[in-house]
Amino acid sequence: MSAVITARGLTKRYGKRTALDGTSFEIQPGRIVGLIGPNGSGKTTTLKAILGLCRFDGELSVLGMDPRKQRDALMNDVCFIADVAILPRWLKVKDAIDFVAGVHPRFDRDKAERYLANTKLTPNLRVKSMSKGMIVQLHLALVMAIDAKLLVLDEPTLGLDIMYRKQFYQHLLEDYFDENKTIVITTHQIEEVEHILTDLLFIRDGRITLAASMDEIGERYTEVMVEPQQAAAANALQPMTQRTVFGKSIMLFDGVPRQQLQNLGELRTPSVADLFVASMKGSYE
Amino acid sequence: MKTMQWLIRREYWENKGSLVVVPLVLAALMVLFTAVMAVKGQNATFTINTPDGAVSSADVLMGARQQRVVTDVMATAYPLVAAPLYVAMAFSVFFYCMGSLYGERRDRSLLFWKSLPVSDTATVLSKAALALLLIPLGTLVLGLATAIVITMIGLGVLAMNGPNLVPQLLGSGQLWLTAVKLVSLLPVYMLWALPTVGWLLMVSSWARSKVFLWAVGAPLITAALLAWANKMGGLAIDVEWLFQNVISRLLISVVPGSWFTVESLHVAVENAGRASGRDPTGALDAIYMQSWAALGTVHLWLGVLAGAAMIGVAIWMRQRREET
């Protein structure tokens with residue numbers, strides 16, 4: 001199967017600031033990709049480019065279409081949740097369902113209603129009298145009932161409590177995702193999404209600094225809890241970072257074979273968050 | 001087409017208060033007010049001037065000819081009773097257009113609407129359709145109904161003191177013909193109001209904040225500056241012309257009947273108005289004829305072109321604008 005998204009040399013400037021600096025990447029179908037980067041690294045701009053919400057230079061193909069020119073057609077197969085608070089305040093639950101059912105050819109009303117039946121949302125409830133979590137539940141119900149090929153989530157759980165956040169990702173995985181769909185997520189809450197991601201894209205200063213599947217990451221990066229007496233030997237292998245926890249050094253290695261590391265101490269696969277912090281070192285300096 | 005129907009329903013959900021509830025309440029109040037006056041003013045008299053002399057409700061006697069004339073006048077002029085509704089409509093359309101494309105950006109629901117397969121063209125056109133067709137049509141129907149009810153109440157008062165003209169009025173073809181004539185003016189209104197609707201939609205899609213200031217202030221300040229430049233620098237700009245042909249077209253063309261500001265149109269109506277003593281229905285006929293004659297003016301069609309272009313810009317802005 002060909003890639004869902006192919007980007008080549010995306011460039012975008014806001015005045016003097018460069019948001020995207022020749023960004024290139026590919027996203028394959030059936031993957032859940034985390035697009036992760038510090039604030040101002042170009043995450044949201046990348047997503048906006050994919051969704052045809054901003055102009056840019058470079059080549060970009062989403063589901064074989066150019067989002068700059070074929071946005072209306074593209075939206076039949078692409079869905080997105082851009083932020084939590086974007087449902088209009090006057091909208092009622094039942095009107096929201098009627099409207100999306102009316103304009104979207106791929107909307108499955110039963111599915112949305114089944115999902116809503118498990119929430120506290122009632123048909124006549126308006127968005128303005130909902131809590132933030134309930135608004136996201138409604139939005140998710142609408143989006144999950146659309147049989148889209150690509151779902152883009154930009155900080156979808158911002159401002160939600162842990163219960164709603166867990167529930168959100170659980171539903172996404174259980175009720176929505178399948179091998180024909182592709183999900184792209186940006187979030188700062190890396191810990192909560194890392195177990196559902198299949199691929200990682202790290203972005204920094206408008207460039208992709210890492211593009212790998214989670215399996216590749218497990219093979220390539222190793223974290224070692226270095227025994228004190230092995231510290232010199234470990235340092236010789238040039239760790240990406242090291243930090244100290246309870247008197248023990250924890251070092252992160254990139255591309256060093258595990259056989260070579262296992263004598264130094266206990267090995268484990270680094271968390272995405274640790275990897276992220278290590279690879280973004282210096283980005284605020 | 002199905003999408004358009006849902007877009008219009010969406011506008012209805014969002015603006016039910018100002019576009020539906022307000023006119024209904026206003027109409028109800030007008031009827032109520034009339035009814036209260038009819039009941040409380042049992043002994044009051046009213047006078048209708050006719051070519052055959054004044055008819056007062058205190059007089060219980062009316063000749064058949066007088067009755068016919070009174071019925072004719074009423075059957076022709078009754079829509080005027082609903083004037084407050086038409087004025088209110090002009091305000092609703094104005095503020096509806098001004099807020100529509102700005103509101104969705106302000107509450108950030110724009111991104112939700114944009115996540116659905118609905119084109120910017122369809123969205124903007126749905127708002128224009130509401131402003132130009134559905135709101136005026138609804139107001140017209142409501143206005144006619146209200147005017148008939150109020151007229152009937154008036155005739156009821158008359159019937160208590162004299163002849164009962166209700167059956168005669170309802171049976172006169174003129175009553176219904178007037179309604180049809182009025183509704184038939186809708187296309188004139190649509191074309192005439194287009195530049196104002198286009199201007200407001202354009203400002204609404206473009207202004208980052210303070211839409212009212214841009215929509216109303218910008219044209220007025222421009223005019224003031226030009227007037228000042230005229231005085232100071234002796235520029236040969238005809239500010240009055242500018243007001244009549246540009247600024248008023250951007251701001252007040254949503255007022256029904258505002259096409260009579262065009263001189264060639266209102267002169268004939270005024271003449272007919274002066275003759276209305278002899279021919280009461282003639283003045284109203286002149287209004288209809290001259291309204292249709294507006295379609296023959298270059299003025300109207302230039303406005304249509306400008307309005308369509310500004311709606312085009314509004315669509316383009318909604319497509320291209322980037323929210324940061």
# chains A, B, ... in the order shown; residues from 1 in each chain; ligands from 1
>>> select_by_dssp(residues="segment 223-304 of chain B", states="alpha helix (DSSP H)", output="number ranges by chain")
B: 223-233, 239-242, 248-251, 263-274, 280-293, 298-304
>>> write_last_selection(atoms="C-alpha atoms", output="compact mmCIF listing (two decimals), in the first residue's frame")
# COMPACT_ATOMS: atom_id res chain seq x y z
CA ALA B 223 -16.55 59.80 3.46
CA ALA B 224 -15.61 62.22 6.22
CA LEU B 225 -11.98 62.22 5.08
CA LEU B 226 -13.01 62.87 1.51
CA ALA B 227 -15.28 65.69 2.60
CA TRP B 228 -12.41 67.14 4.59
CA ALA B 229 -10.00 66.74 1.66
CA ASN B 230 -12.56 68.48 -0.50
CA LYS B 231 -12.67 71.46 1.80
CA MET B 232 -8.94 71.61 2.42
CA GLY B 233 -7.48 70.64 -0.89
CA VAL B 239 -19.37 63.56 -1.47
CA GLU B 240 -23.11 63.62 -1.71
CA TRP B 241 -22.96 61.43 -4.78
CA LEU B 242 -20.62 59.10 -2.94
CA SER B 248 -25.79 54.02 1.51
CA ARG B 249 -25.66 50.99 -0.77
CA LEU B 250 -23.15 49.34 1.56
CA LEU B 251 -25.04 50.11 4.71
CA GLU B 263 -34.70 59.79 -7.86
CA SER B 264 -36.14 58.41 -11.08
CA LEU B 265 -38.06 55.88 -9.03
CA HIS B 266 -39.53 58.00 -6.28
CA VAL B 267 -40.77 60.88 -8.40
CA ALA B 268 -43.50 58.81 -10.01
CA VAL B 269 -44.55 57.48 -6.63
CA GLU B 270 -44.75 60.97 -5.20
CA ASN B 271 -46.92 62.08 -8.09
CA ALA B 272 -49.22 59.14 -7.58
CA GLY B 273 -49.20 59.90 -3.85
CA ARG B 274 -50.45 63.44 -4.49
CA PRO B 280 -56.22 55.52 -3.35
CA THR B 281 -55.07 52.30 -4.95
CA GLY B 282 -53.13 54.18 -7.61
CA ALA B 283 -50.39 55.23 -5.18
CA LEU B 284 -49.76 51.66 -4.16
CA ASP B 285 -49.80 50.47 -7.72
CA ALA B 286 -47.20 53.11 -8.46
CA ILE B 287 -45.07 51.68 -5.66
CA TYR B 288 -45.16 48.22 -7.20
CA MET B 289 -44.56 49.46 -10.71
CA GLN B 290 -41.66 51.68 -9.67
CA SER B 291 -40.16 48.89 -7.59
CA TRP B 292 -40.08 46.70 -10.62
CA ALA B 293 -38.71 49.62 -12.59
CA VAL B 298 -27.92 50.69 -13.98
CA HIS B 299 -27.60 51.62 -10.33
CA LEU B 300 -29.21 48.38 -9.19
CA TRP B 301 -27.14 46.17 -11.45
CA LEU B 302 -23.86 47.82 -10.50
CA GLY B 303 -24.80 47.06 -6.91
CA VAL B 304 -25.51 43.45 -7.82
>>> closest_atom_pairs(of="chain A", to="chain B", cutoff="6 Å", atoms="only C-alpha atoms", output="JSON lines")
{"residue": "A:Cys54", "atom": "CA", "partner": "B:Glu322", "partner_atom": "CA", "distance": 5.6}
{"residue": "A:Asp72", "atom": "CA", "partner": "B:Ser119", "partner_atom": "CA", "distance": 5.6}
{"residue": "A:Met75", "atom": "CA", "partner": "B:Pro117", "partner_atom": "CA", "distance": 4.7}
{"residue": "A:Asn76", "atom": "CA", "partner": "B:Pro117", "partner_atom": "CA", "distance": 5.3}
{"residue": "A:Cys79", "atom": "CA", "partner": "B:Ser115", "partner_atom": "CA", "distance": 5.9}
{"residue": "A:Phe80", "atom": "CA", "partner": "B:Ser115", "partner_atom": "CA", "distance": 6.0}
{"residue": "A:Ile86", "atom": "CA", "partner": "B:Ser109", "partner_atom": "CA", "distance": 4.5}
{"residue": "A:Leu87", "atom": "CA", "partner": "B:Ser109", "partner_atom": "CA", "distance": 5.3}
{"residue": "A:Pro88", "atom": "CA", "partner": "B:Ser109", "partner_atom": "CA", "distance": 5.2}
{"residue": "A:Val103", "atom": "CA", "partner": "B:Thr3", "partner_atom": "CA", "distance": 5.2}
>>> residues_around(residues="segment 106-120 of chain A", least_positions_apart="6", cutoff="10 Å", atoms="only C-alpha atoms", output="PDB file with N, CA and C atoms, in the first residue's frame")
ATOM      1  N   ASN A  76     -13.815  14.459   2.916  1.00  0.00           N
ATOM      2  CA  ASN A  76     -14.664  13.262   2.964  1.00  0.00           C
ATOM      3  C   ASN A  76     -13.959  12.105   3.657  1.00  0.00           C
ATOM      4  N   ASP A  77     -12.629  12.098   3.583  1.00  0.00           N
ATOM      5  CA  ASP A  77     -11.861  10.966   4.094  1.00  0.00           C
ATOM      6  C   ASP A  77     -10.971  11.310   5.271  1.00  0.00           C
ATOM      7  N   VAL A  93     -26.897  18.370  21.325  1.00  0.00           N
ATOM      8  CA  VAL A  93     -26.384  17.053  20.969  1.00  0.00           C
ATOM      9  C   VAL A  93     -27.119  16.492  19.748  1.00  0.00           C
ATOM     10  N   LYS A  94     -28.456  16.572  19.782  1.00  0.00           N
ATOM     11  CA  LYS A  94     -29.210  15.948  18.686  1.00  0.00           C
ATOM     12  C   LYS A  94     -29.019  16.712  17.374  1.00  0.00           C
ATOM     13  N   ILE A  97     -25.674  15.721  15.829  1.00  0.00           N
ATOM     14  CA  ILE A  97     -25.747  14.426  15.133  1.00  0.00           C
ATOM     15  C   ILE A  97     -26.498  14.572  13.809  1.00  0.00           C
ATOM     16  N   ASP A  98     -27.618  15.290  13.850  1.00  0.00           N
ATOM     17  CA  ASP A  98     -28.379  15.500  12.612  1.00  0.00           C
ATOM     18  C   ASP A  98     -27.530  16.183  11.551  1.00  0.00           C
ATOM     19  N   VAL A 100     -24.152  16.468  11.206  1.00  0.00           N
ATOM     20  CA  VAL A 100     -23.053  15.674  10.636  1.00  0.00           C
ATOM     21  C   VAL A 100     -23.624  14.546   9.772  1.00  0.00           C
ATOM     22  N   MET A 130     -22.239  22.016  28.956  1.00  0.00           N
ATOM     23  CA  MET A 130     -21.454  20.791  29.162  1.00  0.00           C
ATOM     24  C   MET A 130     -20.118  21.123  29.824  1.00  0.00           C
ATOM     25  N   MET A 134     -17.274  16.487  28.733  1.00  0.00           N
ATOM     26  CA  MET A 134     -18.463  16.091  27.967  1.00  0.00           C
ATOM     27  C   MET A 134     -18.387  16.594  26.531  1.00  0.00           C
ATOM     28  N   GLN A 137     -16.335  14.264  24.712  1.00  0.00           N
ATOM     29  CA  GLN A 137     -17.087  13.025  24.464  1.00  0.00           C
ATOM     30  C   GLN A 137     -17.986  13.187  23.248  1.00  0.00           C
ATOM     31  N   LEU A 138     -18.662  14.324  23.164  1.00  0.00           N
ATOM     32  CA  LEU A 138     -19.547  14.561  22.022  1.00  0.00           C
ATOM     33  C   LEU A 138     -18.743  14.622  20.726  1.00  0.00           C
ATOM     34  N   HIS A 139     -17.667  15.371  20.781  1.00  0.00           N
ATOM     35  CA  HIS A 139     -16.840  15.507  19.577  1.00  0.00           C
ATOM     36  C   HIS A 139     -16.299  14.140  19.144  1.00  0.00           C
ATOM     37  N   LEU A 140     -15.860  13.380  20.114  1.00  0.00           N
ATOM     38  CA  LEU A 140     -15.320  12.061  19.801  1.00  0.00           C
ATOM     39  C   LEU A 140     -16.410  11.157  19.220  1.00  0.00           C
ATOM     40  N   ALA A 141     -17.616  11.266  19.784  1.00  0.00           N
ATOM     41  CA  ALA A 141     -18.723  10.446  19.267  1.00  0.00           C
ATOM     42  C   ALA A 141     -18.982  10.773  17.803  1.00  0.00           C
ATOM     43  N   LEU A 142     -18.931  12.056  17.486  1.00  0.00           N
ATOM     44  CA  LEU A 142     -19.173  12.467  16.095  1.00  0.00           C
ATOM     45  C   LEU A 142     -18.065  11.959  15.181  1.00  0.00           C
ATOM     46  N   VAL A 143     -16.829  12.124  15.655  1.00  0.00           N
ATOM     47  CA  VAL A 143     -15.686  11.786  14.811  1.00  0.00           C
ATOM     48  C   VAL A 143     -15.536  10.275  14.648  1.00  0.00           C
ATOM     49  N   MET A 144     -15.777   9.545  15.738  1.00  0.00           N
ATOM     50  CA  MET A 144     -15.600   8.094  15.656  1.00  0.00           C
ATOM     51  C   MET A 144     -16.633   7.436  14.758  1.00  0.00           C
ATOM     52  N   ALA A 145     -17.778   8.084  14.612  1.00  0.00           N
ATOM     53  CA  ALA A 145     -18.833   7.509  13.780  1.00  0.00           C
ATOM     54  C   ALA A 145     -18.598   7.804  12.297  1.00  0.00           C
ATOM     55  N   ILE A 146     -17.544   8.568  12.015  1.00  0.00           N
ATOM     56  CA  ILE A 146     -17.203   8.839  10.616  1.00  0.00           C
ATOM     57  C   ILE A 146     -16.142   7.839  10.190  1.00  0.00           C
ATOM     58  N   ASP A 147     -16.424   7.150   9.105  1.00  0.00           N
ATOM     59  CA  ASP A 147     -15.498   6.134   8.638  1.00  0.00           C
ATOM     60  C   ASP A 147     -14.428   6.797   7.779  1.00  0.00           C
ATOM     61  N   ALA A 148     -13.552   7.550   8.434  1.00  0.00           N
ATOM     62  CA  ALA A 148     -12.527   8.296   7.691  1.00  0.00           C
ATOM     63  C   ALA A 148     -11.269   7.452   7.561  1.00  0.00           C
ATOM     64  N   HIS A 171     -11.270   4.434  23.915  1.00  0.00           N
ATOM     65  CA  HIS A 171     -12.298   4.357  22.872  1.00  0.00           C
ATOM     66  C   HIS A 171     -11.690   4.440  21.487  1.00  0.00           C
ATOM     67  N   ASP A 175     -12.769   1.195  19.701  1.00  0.00           N
ATOM     68  CA  ASP A 175     -13.962   1.351  18.872  1.00  0.00           C
ATOM     69  C   ASP A 175     -13.692   1.972  17.522  1.00  0.00           C
TER      70      ASP A 175
END
>>> closest_residue(among="A:Arg31, A:Leu47, A:Phe202, A:Phe56", to="Tyr14 of chain A", atoms="only C-alpha atoms")
A:Phe56
>>> atom_distance(atom1="atom CA of Gln167 of chain A", atom2="atom CA of Val33 of chain A")
19.0 Å
>>> select_by_dssp(residues="segment 61-251 of chain A", states="strand (DSSP E or B)", output="ChimeraX atom specification")
/A:61-62,65,78-81,92,107,126,146,150-154,182-186,199-204,207-213,221-226,241-245,248-251
>>> residues_around(residues="Gly30 of chain A", least_positions_apart="5", cutoff="6 Å", atoms="only C-alpha atoms", output="list in words")
Glu179, Asn180, Lys181 and Thr182 of chain A
>>> write_last_selection(atoms="C-alpha atoms", output="PDB file, in the first residue's frame")
ATOM      1  CA  GLU A 179      -5.875  -1.534   9.860  1.00  0.00           C
ATOM      2  CA  ASN A 180      -7.592   0.664   7.264  1.00  0.00           C
ATOM      3  CA  LYS A 181      -7.335   3.785   9.334  1.00  0.00           C
ATOM      4  CA  THR A 182      -4.445   6.021  10.174  1.00  0.00           C
TER       5      THR A 182
END
>>> closest_residue(among="B:Ser205, B:Thr222, B:Ser258, B:Gln168", to="Cys97 of chain B", atoms="only C-alpha atoms")
B:Ser205
>>> residues_around(residues="Ser2 of chain A", least_positions_apart="4", cutoff="10 Å", atoms="only C-alpha atoms", output="PyMOL selection string")
chain A and resi 6+26-29+63-64
>>> residues_around(residues="Leu132 of chain B", least_positions_apart="2", cutoff="12 Å", atoms="only C-alpha atoms", output="CSV table (one decimal) with N, CA and C atoms, in the first residue's frame")
chain,number,residue,atom,x,y,z
B,89,MET,N,-36.7,43.8,10.6
B,89,MET,CA,-36.0,42.9,9.7
B,89,MET,C,-34.7,43.4,9.1
B,90,ALA,N,-34.8,44.7,8.8
B,90,ALA,CA,-33.6,45.3,8.2
B,90,ALA,C,-32.5,45.3,9.2
B,92,SER,N,-32.2,43.0,11.7
B,92,SER,CA,-31.8,41.6,11.9
B,92,SER,C,-30.9,41.2,10.8
B,93,VAL,N,-31.2,41.5,9.5
B,93,VAL,CA,-30.4,41.1,8.4
B,93,VAL,C,-29.0,41.7,8.5
B,94,PHE,N,-29.0,43.0,8.9
B,94,PHE,CA,-27.8,43.7,9.0
B,94,PHE,C,-26.8,43.0,10.0
B,96,TYR,N,-27.2,40.1,11.4
B,96,TYR,CA,-26.9,38.7,11.1
B,96,TYR,C,-25.7,38.5,10.2
B,97,CYS,N,-25.7,39.3,9.1
B,97,CYS,CA,-24.7,39.2,8.1
B,97,CYS,C,-23.3,39.6,8.7
B,125,LEU,N,-22.6,30.9,0.9
B,125,LEU,CA,-23.9,31.1,0.2
B,125,LEU,C,-25.1,30.8,1.0
B,126,SER,N,-25.0,29.9,2.0
B,126,SER,CA,-26.1,29.6,2.8
B,126,SER,C,-26.4,30.8,3.7
B,127,LYS,N,-25.4,31.5,4.1
B,127,LYS,CA,-25.7,32.7,4.9
B,127,LYS,C,-26.3,33.8,4.1
B,128,ALA,N,-25.8,33.9,2.8
B,128,ALA,CA,-26.4,34.9,1.9
B,128,ALA,C,-27.8,34.6,1.6
B,129,ALA,N,-28.1,33.3,1.4
B,129,ALA,CA,-29.5,32.9,1.1
B,129,ALA,C,-30.4,33.2,2.2
B,130,LEU,N,-29.9,33.0,3.4
B,130,LEU,CA,-30.8,33.3,4.6
B,130,LEU,C,-31.1,34.8,4.6
B,134,LEU,N,-34.6,33.9,2.8
B,134,LEU,CA,-35.4,33.3,3.8
B,134,LEU,C,-35.9,34.3,4.8
B,135,ILE,N,-35.0,35.2,5.3
B,135,ILE,CA,-35.5,36.1,6.3
B,135,ILE,C,-36.5,37.1,5.7
B,136,PRO,N,-36.2,37.7,4.5
B,136,PRO,CA,-37.3,38.6,4.0
B,136,PRO,C,-38.6,37.9,3.7
B,137,LEU,N,-38.5,36.7,3.2
B,137,LEU,CA,-39.7,35.9,2.8
B,137,LEU,C,-40.5,35.6,4.1
B,138,GLY,N,-39.8,35.2,5.1
B,138,GLY,CA,-40.5,34.9,6.4
B,138,GLY,C,-41.1,36.1,7.0
B,139,THR,N,-40.4,37.2,6.9
B,139,THR,CA,-40.9,38.5,7.5
B,139,THR,C,-42.1,39.0,6.7
B,186,LEU,N,-40.1,40.5,-3.9
B,186,LEU,CA,-38.9,39.8,-3.2
B,186,LEU,C,-37.6,39.8,-4.1
B,187,PRO,N,-37.7,39.5,-5.4
B,187,PRO,CA,-36.5,39.5,-6.2
B,187,PRO,C,-35.9,40.9,-6.3
B,188,VAL,N,-36.8,41.9,-6.3
B,188,VAL,CA,-36.2,43.3,-6.3
B,188,VAL,C,-35.4,43.5,-5.1
B,189,TYR,N,-36.0,43.1,-3.9
B,189,TYR,CA,-35.3,43.3,-2.6
B,189,TYR,C,-34.0,42.6,-2.6
B,190,MET,N,-34.0,41.3,-3.1
B,190,MET,CA,-32.8,40.5,-3.1
B,190,MET,C,-31.7,41.2,-3.9
B,191,LEU,N,-32.0,41.6,-5.1
B,191,LEU,CA,-31.0,42.3,-5.9
B,191,LEU,C,-30.5,43.6,-5.3
B,192,TRP,N,-31.5,44.3,-4.8
B,192,TRP,CA,-31.1,45.6,-4.2
B,192,TRP,C,-30.3,45.5,-2.9
B,193,ALA,N,-30.6,44.5,-2.1
B,193,ALA,CA,-29.9,44.4,-0.8
B,193,ALA,C,-28.5,43.7,-1.0
B,194,LEU,N,-28.3,43.1,-2.1
B,194,LEU,CA,-27.1,42.3,-2.4
B,194,LEU,C,-25.8,43.1,-2.0
B,195,PRO,N,-25.6,44.4,-2.4
B,195,PRO,CA,-24.3,45.0,-2.0
B,195,PRO,C,-24.2,45.1,-0.5
B,196,THR,N,-25.2,45.4,0.2
B,196,THR,CA,-25.1,45.5,1.7
B,196,THR,C,-24.7,44.2,2.3
B,197,VAL,N,-25.5,43.2,1.8
B,197,VAL,CA,-25.2,41.8,2.4
B,197,VAL,C,-23.8,41.4,2.0
B,198,GLY,N,-23.4,41.7,0.8
B,198,GLY,CA,-22.0,41.3,0.4
B,198,GLY,C,-21.0,42.0,1.2
B,201,LEU,N,-20.9,40.6,4.8
B,201,LEU,CA,-20.3,39.2,4.8
B,201,LEU,C,-18.8,39.4,4.6
B,253,SER,N,-29.0,49.3,2.2
B,253,SER,CA,-29.8,48.7,1.2
B,253,SER,C,-30.6,47.5,1.7
B,254,VAL,N,-30.4,47.1,2.9
B,254,VAL,CA,-31.2,46.0,3.4
B,254,VAL,C,-32.6,46.5,3.9
B,255,VAL,N,-32.7,47.8,3.9
B,255,VAL,CA,-34.1,48.3,4.4
B,255,VAL,C,-35.0,48.1,3.2
B,256,PRO,N,-36.1,47.5,3.4
B,256,PRO,CA,-37.1,47.2,2.3
B,256,PRO,C,-37.6,48.6,1.7
B,307,GLY,N,-22.0,43.5,-5.1
B,307,GLY,CA,-22.4,42.6,-4.0
B,307,GLY,C,-21.9,41.2,-4.3
>>> atom_distance(atom1="atom CA of Trp199 of chain B", atom2="atom CA of Leu182 of chain B")
26.1 Å
>>> residues_around(residues="Arg243 of chain A", least_positions_apart="3", cutoff="12 Å", atoms="only C-alpha atoms", output="list in words")
Glu223, Val224, Met225, Val226, Pro239, Met240, Phe246, Gly247, Lys248, Ser249, Ile250, Met251, Leu252, Asp274, Val277 and Ala278 of chain A
>>> atom_distance(atom1="atom CA of Met310 of chain B", atom2="atom CA of Gln70 of chain A")
23.4 Å
>>> decode(residues="segment 212-257 of chain B", atoms="C-alpha atoms", output="JSON list (two decimals), in the first residue's frame")
[["chain", "number", "residue", "atom", "x", "y", "z"],
["B", 212, "PHE", "CA", -19.17, 46.90, 13.62],
["B", 213, "LEU", "CA", -16.50, 49.55, 13.60],
["B", 214, "TRP", "CA", -15.12, 48.26, 10.32],
["B", 215, "ALA", "CA", -18.48, 47.69, 8.71],
["B", 216, "VAL", "CA", -20.00, 51.05, 9.60],
["B", 217, "GLY", "CA", -17.08, 53.17, 10.67],
["B", 218, "ALA", "CA", -14.80, 52.52, 7.71],
["B", 219, "PRO", "CA", -17.21, 53.81, 5.04],
["B", 220, "LEU", "CA", -18.27, 56.77, 7.15],
["B", 221, "ILE", "CA", -14.74, 57.78, 8.03],
["B", 222, "THR", "CA", -13.74, 57.44, 4.39],
["B", 223, "ALA", "CA", -16.55, 59.80, 3.46],
["B", 224, "ALA", "CA", -15.61, 62.22, 6.22],
["B", 225, "LEU", "CA", -11.98, 62.22, 5.08],
["B", 226, "LEU", "CA", -13.01, 62.87, 1.51],
["B", 227, "ALA", "CA", -15.28, 65.69, 2.60],
["B", 228, "TRP", "CA", -12.41, 67.14, 4.59],
["B", 229, "ALA", "CA", -10.00, 66.74, 1.66],
["B", 230, "ASN", "CA", -12.56, 68.48, -0.50],
["B", 231, "LYS", "CA", -12.67, 71.46, 1.80],
["B", 232, "MET", "CA", -8.94, 71.61, 2.42],
["B", 233, "GLY", "CA", -7.48, 70.64, -0.89],
["B", 234, "GLY", "CA", -10.30, 71.55, -3.16],
["B", 235, "LEU", "CA", -10.61, 68.04, -4.53],
["B", 236, "ALA", "CA", -13.53, 67.78, -6.86],
["B", 237, "ILE", "CA", -15.18, 64.83, -5.19],
["B", 238, "ASP", "CA", -18.91, 64.83, -5.00],
["B", 239, "VAL", "CA", -19.37, 63.56, -1.47],
["B", 240, "GLU", "CA", -23.11, 63.62, -1.71],
["B", 241, "TRP", "CA", -22.96, 61.43, -4.78],
["B", 242, "LEU", "CA", -20.62, 59.10, -2.94],
["B", 243, "PHE", "CA", -23.04, 58.85, -0.08],
["B", 244, "GLN", "CA", -25.98, 58.08, -2.25],
["B", 245, "ASN", "CA", -24.33, 55.68, -4.63],
["B", 246, "VAL", "CA", -21.77, 53.89, -2.54],
["B", 247, "ILE", "CA", -22.05, 54.31, 1.19],
["B", 248, "SER", "CA", -25.79, 54.02, 1.51],
["B", 249, "ARG", "CA", -25.66, 50.99, -0.77],
["B", 250, "LEU", "CA", -23.15, 49.34, 1.56],
["B", 251, "LEU", "CA", -25.04, 50.11, 4.71],
["B", 252, "ILE", "CA", -28.75, 50.64, 4.28],
["B", 253, "SER", "CA", -29.82, 48.74, 1.19],
["B", 254, "VAL", "CA", -31.21, 45.99, 3.41],
["B", 255, "VAL", "CA", -34.05, 48.33, 4.35],
["B", 256, "PRO", "CA", -37.07, 47.23, 2.30],
["B", 257, "GLY", "CA", -38.06, 49.86, -0.22]]
